[in-house]
Each structure stands twice: as C-alpha cells, then as structure tokens.
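Structure file input36.cif (mmCIF, C-alpha atoms) is printed below.
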data_input
loop_
_atom_site.label_atom_id
_atom_site.label_comp_id
_atom_site.auth_asym_id
_atom_site.auth_seq_id
_atom_site.Cartn_x
_atom_site.Cartn_y
_atom_site.Cartn_z
CA MET A 10 -12.59 98.54 234.07
CA THR A 11 -10.81 99.27 230.78
CA CYS A 12 -7.63 97.91 232.34
CA ASN A 13 -9.32 94.64 233.20
CA ILE A 14 -10.59 94.20 229.65
CA TYR A 15 -7.14 95.07 228.29
CA ALA A 16 -5.41 92.61 230.60
CA ALA A 17 -7.76 89.84 229.52
CA GLY A 18 -7.07 90.57 225.87
CA GLN A 19 -3.31 90.61 226.36
CA ALA A 20 -3.32 87.36 228.28
CA ALA A 21 -5.37 85.56 225.64
CA LEU A 22 -3.71 86.82 222.46
CA ALA A 23 -0.17 88.03 221.69
CA PRO A 24 0.28 91.20 219.59
CA GLU A 25 0.00 90.65 215.87
CA VAL A 26 2.90 92.94 214.88
CA GLY A 27 4.70 91.64 211.83
CA MET A 28 2.73 88.38 211.80
CA ARG A 29 0.76 86.92 208.96
CA VAL A 30 -2.45 85.45 210.26
CA SER A 31 -4.66 82.76 208.86
CA ARG A 32 -8.26 83.44 207.89
CA GLN A 33 -9.34 81.63 211.00
CA GLN A 34 -7.11 83.78 213.19
CA ALA A 35 -8.22 86.93 211.37
CA ALA A 36 -11.84 86.03 212.08
CA ALA A 37 -10.98 85.40 215.72
CA ASN A 38 -9.20 88.76 215.92
CA ARG A 39 -12.20 90.53 214.41
CA GLU A 40 -14.42 88.87 216.99
CA ARG A 41 -12.12 90.09 219.75
CA VAL A 42 -12.37 93.65 218.46
CA LEU A 43 -16.16 93.43 218.38
CA ASN A 44 -16.35 92.02 221.90
CA ALA A 45 -13.93 94.59 223.29
CA ALA A 46 -15.76 97.47 221.61
CA SER A 47 -19.14 96.28 222.86
CA ALA A 48 -17.93 96.10 226.46
CA LEU A 49 -16.14 99.46 226.36
CA PHE A 50 -19.05 101.25 224.68
CA ARG A 51 -21.46 100.01 227.35
CA VAL A 52 -19.19 101.32 230.10
CA ASN A 53 -17.85 104.56 228.61
CA GLY A 54 -20.37 105.52 225.94
CA LEU A 55 -20.00 105.67 222.19
CA THR A 56 -17.90 108.85 222.18
CA GLY A 57 -15.81 107.95 225.23
CA VAL A 58 -13.88 105.16 223.54
CA SER A 59 -11.09 105.49 220.95
CA ILE A 60 -9.82 102.99 218.43
CA ASP A 61 -6.65 102.72 220.53
CA ASP A 62 -8.75 101.83 223.59
CA ILE A 63 -10.57 99.13 221.66
CA MET A 64 -7.50 97.55 220.12
CA LYS A 65 -5.62 97.55 223.43
CA ALA A 66 -8.58 95.90 225.12
CA ALA A 67 -8.63 93.28 222.37
CA GLY A 68 -4.90 92.65 222.78
CA LEU A 69 -4.15 93.83 219.22
CA THR A 70 -2.26 96.70 217.63
CA HIS A 71 -3.84 99.90 216.38
CA GLY A 72 -2.61 99.23 212.86
CA GLY A 73 -4.66 96.09 212.58
CA PHE A 74 -8.00 97.86 213.03
CA TYR A 75 -8.60 98.81 209.41
CA GLY A 76 -8.02 95.26 208.29
CA HIS A 77 -11.25 94.40 210.10
CA PHE A 78 -13.43 97.53 209.84
CA ASP A 79 -13.62 100.46 207.44
CA SER A 80 -14.15 102.98 210.23
CA LYS A 81 -15.01 103.37 213.89
CA GLU A 82 -18.57 104.15 212.80
CA ALA A 83 -18.82 100.81 211.01
CA LEU A 84 -17.57 99.01 214.12
CA THR A 85 -19.96 100.96 216.32
CA GLU A 86 -22.95 100.01 214.21
CA GLU A 87 -22.03 96.34 214.12
CA ALA A 88 -21.22 96.20 217.84
CA CYS A 89 -24.51 97.87 218.73
CA ALA A 90 -26.46 95.58 216.40
CA ARG A 91 -24.97 92.55 218.11
CA GLY A 92 -25.61 94.09 221.52
CA ALA A 93 -29.22 94.80 220.60
CA ARG A 94 -29.73 91.18 219.58
CA ASP A 95 -28.20 90.05 222.85
CA SER A 96 -30.53 92.41 224.72
CA ILE A 97 -33.54 90.79 223.05
CA THR A 98 -32.32 87.35 224.07
CA ALA A 99 -31.71 88.54 227.63
CA VAL A 100 -35.38 89.38 228.22
CA GLU A 101 -36.73 86.12 226.83
CA PRO A 102 -38.17 84.20 229.81
CA GLU A 103 -36.29 80.99 229.07
CA GLN A 104 -33.02 82.92 229.42
CA ALA A 105 -33.79 84.39 232.85
CA PRO A 106 -32.02 82.41 235.59
CA THR A 107 -33.94 80.85 238.43
CA HIS A 108 -32.95 81.85 241.93
CA ASN A 109 -31.64 79.39 244.49
CA GLY A 110 -32.27 76.60 242.00
CA SER A 111 -36.02 77.15 242.22
CA ASP A 112 -38.37 77.70 239.30
CA THR A 113 -41.34 78.87 241.35
CA GLY A 114 -41.55 82.40 239.98
CA SER A 115 -43.66 83.39 236.99
CA PRO A 116 -41.81 83.97 233.71
CA LEU A 117 -42.39 87.71 234.09
CA ARG A 118 -41.05 87.74 237.63
CA ARG A 119 -37.93 85.84 236.62
CA VAL A 120 -37.26 88.34 233.84
CA LEU A 121 -37.79 91.27 236.20
CA ASP A 122 -35.61 89.80 238.93
CA ASP A 123 -32.78 89.29 236.47
CA TYR A 124 -33.03 92.56 234.54
CA VAL A 125 -34.09 95.09 237.17
CA SER A 126 -31.30 94.11 239.52
CA ALA A 127 -28.18 95.37 241.23
CA ALA A 128 -26.15 92.85 239.22
CA HIS A 129 -27.35 94.45 235.98
CA ARG A 130 -26.86 97.97 237.30
CA ASP A 131 -23.30 97.27 238.47
CA ASN A 132 -22.07 95.38 235.38
CA PRO A 133 -22.87 97.44 232.29
CA GLN A 134 -19.97 95.92 230.36
CA SER A 135 -21.74 92.57 230.12
CA ARG A 136 -25.41 93.52 230.20
CA CYS A 137 -28.06 95.35 228.14
CA THR A 138 -26.82 97.56 225.32
CA VAL A 139 -30.15 99.38 225.08
CA ALA A 140 -30.08 100.43 228.73
CA ALA A 141 -26.40 101.39 228.57
CA LEU A 142 -26.47 103.37 225.32
CA ALA A 143 -30.00 104.66 224.76
CA SER A 144 -29.00 108.25 225.56
CA ASP A 145 -26.00 107.98 223.22
CA ALA A 146 -28.26 106.70 220.47
CA SER A 147 -30.42 109.82 220.76
CA ARG A 148 -27.43 111.83 219.52
CA ALA A 149 -26.21 109.28 216.98
CA SER A 150 -26.79 108.86 213.28
CA VAL A 151 -30.13 107.80 211.84
CA GLU A 152 -28.51 104.52 210.77
CA LEU A 153 -27.52 103.74 214.37
CA GLN A 154 -30.95 104.77 215.62
CA HIS A 155 -32.43 102.19 213.25
CA VAL A 156 -30.28 99.58 215.01
CA PHE A 157 -31.69 100.64 218.37
CA ALA A 158 -35.24 100.77 217.01
CA SER A 159 -34.90 97.15 215.95
CA GLY A 160 -33.52 96.17 219.36
CA ILE A 161 -36.20 98.05 221.27
CA THR A 162 -38.99 96.52 219.20
CA GLY A 163 -37.53 93.04 219.60
CA MET A 164 -37.23 93.45 223.36
CA ALA A 165 -40.80 94.72 223.63
CA ARG A 166 -42.08 91.75 221.63
CA ALA A 167 -40.21 89.31 223.86
CA LEU A 168 -41.62 91.00 226.96
CA GLY A 169 -45.11 91.00 225.48
CA SER A 170 -44.98 87.22 225.37
CA VAL A 171 -44.72 87.08 229.17
CA SER A 172 -46.77 90.11 230.18
CA HIS A 173 -49.86 89.64 227.98
CA THR A 174 -52.25 86.84 227.26
CA PRO A 175 -51.55 85.79 223.66
CA ALA A 176 -54.22 86.45 221.03
CA ASN A 177 -55.89 83.66 219.07
CA ASP A 178 -52.99 83.55 216.62
CA GLY A 179 -50.55 82.94 219.49
CA ALA A 180 -48.90 86.35 219.15
CA ALA A 181 -48.76 88.99 221.85
CA ASP A 182 -48.53 92.74 221.44
CA PRO A 183 -45.14 94.34 222.12
CA ASP A 184 -45.01 95.66 225.69
CA TYR A 185 -43.27 99.02 225.42
CA PHE A 186 -44.62 100.09 228.80
CA LEU A 187 -42.88 97.22 230.56
CA LEU A 188 -39.68 97.75 228.60
CA ALA A 189 -39.60 101.47 229.36
CA GLY A 190 -40.03 100.78 233.07
CA MET A 191 -37.26 98.19 233.12
CA VAL A 192 -34.76 100.22 231.12
CA GLY A 193 -35.64 103.43 232.96
CA ALA A 194 -35.04 101.78 236.32
CA ILE A 195 -31.54 100.73 235.28
CA VAL A 196 -30.71 104.16 233.87
CA LEU A 197 -31.95 106.04 236.96
CA SER A 198 -30.38 103.64 239.44
CA ARG A 199 -27.01 104.03 237.73
CA ALA A 200 -27.35 107.81 237.74
CA VAL A 201 -27.36 107.94 241.57
CA ARG A 202 -25.52 104.73 242.48
CA GLU A 203 -22.45 106.35 244.01
CA ALA A 204 -24.07 109.49 245.41
CA ASP A 205 -27.07 107.77 247.01
CA PRO A 206 -26.84 103.96 247.06
CA ALA A 207 -30.04 103.62 249.08
CA LEU A 208 -32.01 105.57 246.49
CA SER A 209 -30.44 103.52 243.72
CA ASP A 210 -31.54 100.28 245.38
CA ARG A 211 -35.01 101.67 246.08
CA ILE A 212 -35.55 102.53 242.42
CA LEU A 213 -34.79 98.94 241.45
CA THR A 214 -36.89 97.36 244.21
CA GLU A 215 -39.99 99.50 243.69
CA THR A 216 -39.85 99.14 239.91
CA ARG A 217 -39.61 95.34 240.14
CA HIS A 218 -42.58 95.16 242.49
CA ARG A 219 -44.83 97.53 240.57
CA LEU A 220 -44.09 96.05 237.17
CA ALA A 221 -44.69 92.53 238.51
CA ALA A 222 -48.07 93.69 239.74
CA CYS A 223 -48.96 94.74 236.19
CA GLY A 224 -48.39 91.23 234.81
CA PRO A 225 -50.87 88.51 233.87
CA GLY A 226 -53.32 87.88 236.67
CA ASN A 227 -52.10 90.99 238.51
CA ALA A 228 -49.35 88.91 240.16
CA SER A 229 -49.52 89.21 243.92
CA SER A 230 -46.02 87.87 244.49
CA ALA A 231 -44.64 91.40 244.30
#
Spit out the file's structure as structure tokens when you get a sec.
Amino acid sequence: MTCNIYAAGQAALAPEVGMRVSRQQAAANRERVLNAASALFRVNGLTGVSIDDIMKAAGLTHGGFYGHFDSKEALTEEACARGARDSITAVEPEQAPTHNGSDTGSPLRRVLDDYVSAAHRDNPQSRCTVAALASDASRASVELQHVFASGITGMARALGSVSHTPANDGAADPDYFLLAGMVGAIVLSRAVREADPALSDRILTETRHRLAACGPGNASSA
C-alpha cells in the first residue's frame, strides 16, 4: 500500500531537488506531507513509518521535511489532529452515504452501515484515525493523547445527536457506548481479517445489528 501512495505522489509532483518554490507551492508540498503521513500512519502505525517513507509517499525529498515541520513528533501530532477532526465529520449523519440511492434508513442506521463496514475495515488509509491508531495513542505522549481525547469526545457528541432524543436545549449527551462499539468492531474485525474472514464479517454484522437496536425507538430494522 505504501508503494501505491508513493506512486501517486511521484506522478503528481516532481522532486523538489535544487528548486526554489513559491509560498503557494510550499504550502501545497506541506499539505502533501500531511496527507501522506496520515495515510501511512493509519496503515502502519505511528512507529512503523519513517520520515523517508512519508517524503517518498509525498513525492518529495527527505531534505525538504524540516522546511515544513520541526520534527516527526510535530508532524504526527498535526496529522492525528486533522485525522481526528475528519473522524468526527465521518460519523455525522449528514455525511453518511445512502445506499442504492435510497434515504429510507434512519440517521443512526446510515452511520452504522457506513462505519461498521467491510469497506471501512479494508481501507484504513482513508478512514477513521481513531479506530486505526487508538492502540498507538495509548503508548504515545500525553500531548498526543489530548488530540485523541478531543477526537473521541467530538465523535461521541456527533453520535449522541443521532442515538439520543435531544434535551430541551437541543443538545444530546455524548454516546461513548455507541462509539466504543463501533470502533471496537473495526479493531476486532481487522485483527482476524486474514486468519478468519468469516469471523471478521460476523463481528461487523452483529455489531451493526445490535447497536442499531439500541437507537431511538429501539429500531427494528436491524
């Protein structure tokens, strides 16, 4: 998968050796580094990716890294912060795709069908940072854990808006139970995907059904 990311970076941007770049190009290069790092971290973990890996995937040279970031740790924190924000957006009901062009499912069911899915399980490079890197965060710095705490809280708040009846002030309580079930299903299904595909699929299917049944009105569509 690293090779695919690298090939895409090389095709889109020539090496910057010996070239002076404009501020606009420098900003674009920095964005490429962030995007490459985010994808590689989600696939290989925070400690399984080197600066060389990241810069190759971005289609840039190793020497250009420190023109964009002070350290790998600084890049890691920024990439994870962006990923956490994207994870919050991903569980907002208006972002969940409808299936077969139909919008007949409840907001909760649409979120579950999108998140607790084989597509999510099989494509960590483009999906939830929290699910992909939660175990890494447990061994990371306190500063990085703060980033994940913010992402987890934001995701739980977004889920609470579809799993609970709002209070009089229009706000709903964060739903950490729902979030833990969704993230846990992805983590467990990935852990056995190659050794026992049937078990991996069963984890996803049963979790979707049981969590849907916990939603508003005890949804019977599960």
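Taking CA of Ile212 (chain A) as the reference point, CA of Leu197 (chain A) is found at 7.4 Å.
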TODO: Could you please determine the separation between CA of Gly68 (chain A) and CA of Arg39 (chain A) in Å, to one decimal place?
DONE: 11.3 Å
Cut-off 9 Å: closest region 118-215 of chain A/region 95-106 of chain A atom pairs per residue, using all atoms listed in the file, as a Markdown table:
| residue | atom | partner | partner_atom | distance |
| --- | --- | --- | --- | --- |
| A:Arg119 | CA | A:Ala105 | CA | 5.8 |
| A:Val120 | CA | A:Ala105 | CA | 5.4 |
| A:Leu121 | CA | A:Val100 | CA | 8.5 |
| A:Asp122 | CA | A:Ala105 | CA | 8.3 |
| A:Asp123 | CA | A:Ala105 | CA | 6.2 |
| A:Tyr124 | CA | A:Val100 | CA | 7.5 |
| A:Arg136 | CA | A:Ser96 | CA | 7.6 |
| A:Cys137 | CA | A:Ser96 | CA | 5.1 |
| A:Thr138 | CA | A:Ser96 | CA | 6.4 |
| A:Val139 | CA | A:Ser96 | CA | 7.0 |
| A:Ala140 | CA | A:Ser96 | CA | 9.0 |
| A:Gly160 | CA | A:Ile97 | CA | 6.5 |
| A:Ile161 | CA | A:Ile97 | CA | 7.9 |
| A:Thr162 | CA | A:Ile97 | CA | 8.8 |
| A:Gly163 | CA | A:Ile97 | CA | 5.7 |
| A:Met164 | CA | A:Ile97 | CA | 4.6 |
| A:Ala165 | CA | A:Ile97 | CA | 8.3 |
| A:Arg166 | CA | A:Ile97 | CA | 8.7 |
| A:Ala167 | CA | A:Glu101 | CA | 5.6 |
| A:Leu168 | CA | A:Val100 | CA | 6.6 |
| A:Ser170 | CA | A:Glu101 | CA | 8.5 |
| A:Val171 | CA | A:Pro102 | CA | 7.2 |
Open item on the list: Given the PyMOL selection byres ((chain A and resi 135) around 12) and the file above, list the residues it selects as a PyMOL selection string.
Closed with: chain A and resi 10+14+44-52+92+95-96+99+128-134+136-141
Just to be explicit: take each residue in the selection above, keep C-alpha atoms, and write the result as an mmCIF file, in the coordinates of the input.
data_model
loop_
_atom_site.group_PDB
_atom_site.id
_atom_site.type_symbol
_atom_site.label_atom_id
_atom_site.label_comp_id
_atom_site.auth_asym_id
_atom_site.auth_seq_id
_atom_site.Cartn_x
_atom_site.Cartn_y
_atom_site.Cartn_z
ATOM 1 C CA MET A 10 -12.590 98.540 234.070
ATOM 2 C CA ILE A 14 -10.590 94.200 229.650
ATOM 3 C CA ASN A 44 -16.350 92.020 221.900
ATOM 4 C CA ALA A 45 -13.930 94.590 223.290
ATOM 5 C CA ALA A 46 -15.760 97.470 221.610
ATOM 6 C CA SER A 47 -19.140 96.280 222.860
ATOM 7 C CA ALA A 48 -17.930 96.100 226.460
ATOM 8 C CA LEU A 49 -16.140 99.460 226.360
ATOM 9 C CA PHE A 50 -19.050 101.250 224.680
ATOM 10 C CA ARG A 51 -21.460 100.010 227.350
ATOM 11 C CA VAL A 52 -19.190 101.320 230.100
ATOM 12 C CA GLY A 92 -25.610 94.090 221.520
ATOM 13 C CA ASP A 95 -28.200 90.050 222.850
ATOM 14 C CA SER A 96 -30.530 92.410 224.720
ATOM 15 C CA ALA A 99 -31.710 88.540 227.630
ATOM 16 C CA ALA A 128 -26.150 92.850 239.220
ATOM 17 C CA HIS A 129 -27.350 94.450 235.980
ATOM 18 C CA ARG A 130 -26.860 97.970 237.300
ATOM 19 C CA ASP A 131 -23.300 97.270 238.470
ATOM 20 C CA ASN A 132 -22.070 95.380 235.380
ATOM 21 C CA PRO A 133 -22.870 97.440 232.290
ATOM 22 C CA GLN A 134 -19.970 95.920 230.360
ATOM 23 C CA ARG A 136 -25.410 93.520 230.200
ATOM 24 C CA CYS A 137 -28.060 95.350 228.140
ATOM 25 C CA THR A 138 -26.820 97.560 225.320
ATOM 26 C CA VAL A 139 -30.150 99.380 225.080
ATOM 27 C CA ALA A 140 -30.080 100.430 228.730
ATOM 28 C CA ALA A 141 -26.400 101.390 228.570
#
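One distance worth recording is that between CA of Leu187 (chain A) and CA of His155 (chain A), which is 20.8 Å.
Each of A:Leu43, A:Leu188, A:Ala149, A:Val125 was compared to Leu55 (chain A) using only C-alpha atoms, and A:Ala149 turns out to be the nearest.
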Dump region 58-92 of chain A with N, CA and C atoms to a file, as a PDB file, in the first residue's frame.
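Generated file (part.pdb):
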ATOM      1  N   VAL A  58       6.416   4.020  10.586  1.00  0.00           N
ATOM      2  CA  VAL A  58       6.599   4.894   9.426  1.00  0.00           C
ATOM      3  C   VAL A  58       7.773   5.835   9.698  1.00  0.00           C
ATOM      4  N   SER A  59       8.694   5.933   8.749  1.00  0.00           N
ATOM      5  CA  SER A  59       9.842   6.833   8.889  1.00  0.00           C
ATOM      6  C   SER A  59       9.617   8.118   8.096  1.00  0.00           C
ATOM      7  N   ILE A  60      10.452   9.097   8.358  1.00  0.00           N
ATOM      8  CA  ILE A  60      10.381  10.338   7.583  1.00  0.00           C
ATOM      9  C   ILE A  60      10.633  10.046   6.106  1.00  0.00           C
ATOM     10  N   ASP A  61      11.571   9.149   5.816  1.00  0.00           N
ATOM     11  CA  ASP A  61      11.817   8.761   4.426  1.00  0.00           C
ATOM     12  C   ASP A  61      10.562   8.211   3.767  1.00  0.00           C
ATOM     13  N   ASP A  62       9.848   7.331   4.494  1.00  0.00           N
ATOM     14  CA  ASP A  62       8.612   6.755   3.956  1.00  0.00           C
ATOM     15  C   ASP A  62       7.616   7.856   3.600  1.00  0.00           C
ATOM     16  N   ILE A  63       7.478   8.802   4.515  1.00  0.00           N
ATOM     17  CA  ILE A  63       6.500   9.871   4.329  1.00  0.00           C
ATOM     18  C   ILE A  63       6.860  10.747   3.140  1.00  0.00           C
ATOM     19  N   MET A  64       8.117  11.145   3.064  1.00  0.00           N
ATOM     20  CA  MET A  64       8.519  12.040   1.980  1.00  0.00           C
ATOM     21  C   MET A  64       8.463  11.349   0.625  1.00  0.00           C
ATOM     22  N   LYS A  65       8.803  10.065   0.566  1.00  0.00           N
ATOM     23  CA  LYS A  65       8.679   9.318  -0.680  1.00  0.00           C
ATOM     24  C   LYS A  65       7.218   9.236  -1.106  1.00  0.00           C
ATOM     25  N   ALA A  66       6.351   8.951  -0.138  1.00  0.00           N
ATOM     26  CA  ALA A  66       4.931   8.859  -0.459  1.00  0.00           C
ATOM     27  C   ALA A  66       4.373  10.188  -0.948  1.00  0.00           C
ATOM     28  N   ALA A  67       4.941  11.286  -0.451  1.00  0.00           N
ATOM     29  CA  ALA A  67       4.503  12.617  -0.865  1.00  0.00           C
ATOM     30  C   ALA A  67       5.144  13.052  -2.178  1.00  0.00           C
ATOM     31  N   GLY A  68       6.108  12.277  -2.668  1.00  0.00           N
ATOM     32  CA  GLY A  68       6.795  12.643  -3.897  1.00  0.00           C
ATOM     33  C   GLY A  68       7.818  13.741  -3.705  1.00  0.00           C
ATOM     34  N   LEU A  69       8.372  13.846  -2.483  1.00  0.00           N
ATOM     35  CA  LEU A  69       9.336  14.899  -2.153  1.00  0.00           C
ATOM     36  C   LEU A  69      10.618  14.276  -1.624  1.00  0.00           C
ATOM     37  N   THR A  70      11.644  15.082  -1.455  1.00  0.00           N
ATOM     38  CA  THR A  70      12.918  14.582  -0.955  1.00  0.00           C
ATOM     39  C   THR A  70      12.989  14.681   0.564  1.00  0.00           C
ATOM     40  N   HIS A  71      13.790  13.796   1.148  1.00  0.00           N
ATOM     41  CA  HIS A  71      13.947  13.779   2.603  1.00  0.00           C
ATOM     42  C   HIS A  71      14.385  15.146   3.126  1.00  0.00           C
ATOM     43  N   GLY A  72      15.279  15.797   2.404  1.00  0.00           N
ATOM     44  CA  GLY A  72      15.831  17.057   2.876  1.00  0.00           C
ATOM     45  C   GLY A  72      14.810  18.162   3.020  1.00  0.00           C
ATOM     46  N   GLY A  73      13.692  18.042   2.331  1.00  0.00           N
ATOM     47  CA  GLY A  73      12.682  19.079   2.418  1.00  0.00           C
ATOM     48  C   GLY A  73      11.803  18.997   3.648  1.00  0.00           C
ATOM     49  N   PHE A  74      11.906  17.901   4.401  1.00  0.00           N
ATOM     50  CA  PHE A  74      10.982  17.691   5.528  1.00  0.00           C
ATOM     51  C   PHE A  74      11.049  18.812   6.548  1.00  0.00           C
ATOM     52  N   TYR A  75      12.263  19.180   6.947  1.00  0.00           N
ATOM     53  CA  TYR A  75      12.401  20.132   8.054  1.00  0.00           C
ATOM     54  C   TYR A  75      12.104  21.569   7.638  1.00  0.00           C
ATOM     55  N   GLY A  76      11.846  21.781   6.373  1.00  0.00           N
ATOM     56  CA  GLY A  76      11.329  23.071   5.958  1.00  0.00           C
ATOM     57  C   GLY A  76       9.847  23.207   6.241  1.00  0.00           C
ATOM     58  N   HIS A  77       9.199  22.077   6.532  1.00  0.00           N
ATOM     59  CA  HIS A  77       7.759  22.068   6.792  1.00  0.00           C
ATOM     60  C   HIS A  77       7.416  21.777   8.253  1.00  0.00           C
ATOM     61  N   PHE A  78       8.219  20.927   8.906  1.00  0.00           N
ATOM     62  CA  PHE A  78       7.925  20.505  10.283  1.00  0.00           C
ATOM     63  C   PHE A  78       9.220  20.465  11.093  1.00  0.00           C
ATOM     64  N   ASP A  79       9.105  20.793  12.368  1.00  0.00           N
ATOM     65  CA  ASP A  79      10.284  20.803  13.234  1.00  0.00           C
ATOM     66  C   ASP A  79      10.773  19.397  13.549  1.00  0.00           C
ATOM     67  N   SER A  80       9.858  18.440  13.576  1.00  0.00           N
ATOM     68  CA  SER A  80      10.213  17.079  13.950  1.00  0.00           C
ATOM     69  C   SER A  80       9.120  16.127  13.480  1.00  0.00           C
ATOM     70  N   LYS A  81       9.430  14.839  13.519  1.00  0.00           N
ATOM     71  CA  LYS A  81       8.410  13.844  13.197  1.00  0.00           C
ATOM     72  C   LYS A  81       7.270  13.913  14.211  1.00  0.00           C
ATOM     73  N   GLU A  82       7.604  14.194  15.468  1.00  0.00           N
ATOM     74  CA  GLU A  82       6.571  14.290  16.500  1.00  0.00           C
ATOM     75  C   GLU A  82       5.591  15.420  16.196  1.00  0.00           C
ATOM     76  N   ALA A  83       6.110  16.546  15.714  1.00  0.00           N
ATOM     77  CA  ALA A  83       5.233  17.668  15.369  1.00  0.00           C
ATOM     78  C   ALA A  83       4.313  17.286  14.215  1.00  0.00           C
ATOM     79  N   LEU A  84       4.854  16.602  13.217  1.00  0.00           N
ATOM     80  CA  LEU A  84       4.025  16.134  12.108  1.00  0.00           C
ATOM     81  C   LEU A  84       2.981  15.140  12.584  1.00  0.00           C
ATOM     82  N   THR A  85       3.393  14.224  13.447  1.00  0.00           N
ATOM     83  CA  THR A  85       2.465  13.205  13.953  1.00  0.00           C
ATOM     84  C   THR A  85       1.290  13.847  14.659  1.00  0.00           C
ATOM     85  N   GLU A  86       1.572  14.827  15.506  1.00  0.00           N
ATOM     86  CA  GLU A  86       0.503  15.482  16.250  1.00  0.00           C
ATOM     87  C   GLU A  86      -0.455  16.215  15.318  1.00  0.00           C
ATOM     88  N   GLU A  87       0.083  16.908  14.326  1.00  0.00           N
ATOM     89  CA  GLU A  87      -0.774  17.645  13.407  1.00  0.00           C
ATOM     90  C   GLU A  87      -1.579  16.695  12.518  1.00  0.00           C
ATOM     91  N   ALA A  88      -0.936  15.629  12.048  1.00  0.00           N
ATOM     92  CA  ALA A  88      -1.644  14.666  11.197  1.00  0.00           C
ATOM     93  C   ALA A  88      -2.763  13.981  11.971  1.00  0.00           C
ATOM     94  N   CYS A  89      -2.504  13.638  13.221  1.00  0.00           N
ATOM     95  CA  CYS A  89      -3.530  12.979  14.029  1.00  0.00           C
ATOM     96  C   CYS A  89      -4.662  13.941  14.383  1.00  0.00           C
ATOM     97  N   ALA A  90      -4.321  15.210  14.623  1.00  0.00           N
ATOM     98  CA  ALA A  90      -5.362  16.201  14.910  1.00  0.00           C
ATOM     99  C   ALA A  90      -6.288  16.363  13.712  1.00  0.00           C
ATOM    100  N   ARG A  91      -5.711  16.425  12.527  1.00  0.00           N
ATOM    101  CA  ARG A  91      -6.539  16.519  11.325  1.00  0.00           C
ATOM    102  C   ARG A  91      -7.377  15.246  11.159  1.00  0.00           C
ATOM    103  N   GLY A  92      -6.744  14.095  11.366  1.00  0.00           N
ATOM    104  CA  GLY A  92      -7.466  12.835  11.239  1.00  0.00           C
ATOM    105  C   GLY A  92      -8.610  12.726  12.232  1.00  0.00           C
TER     106      GLY A  92
END
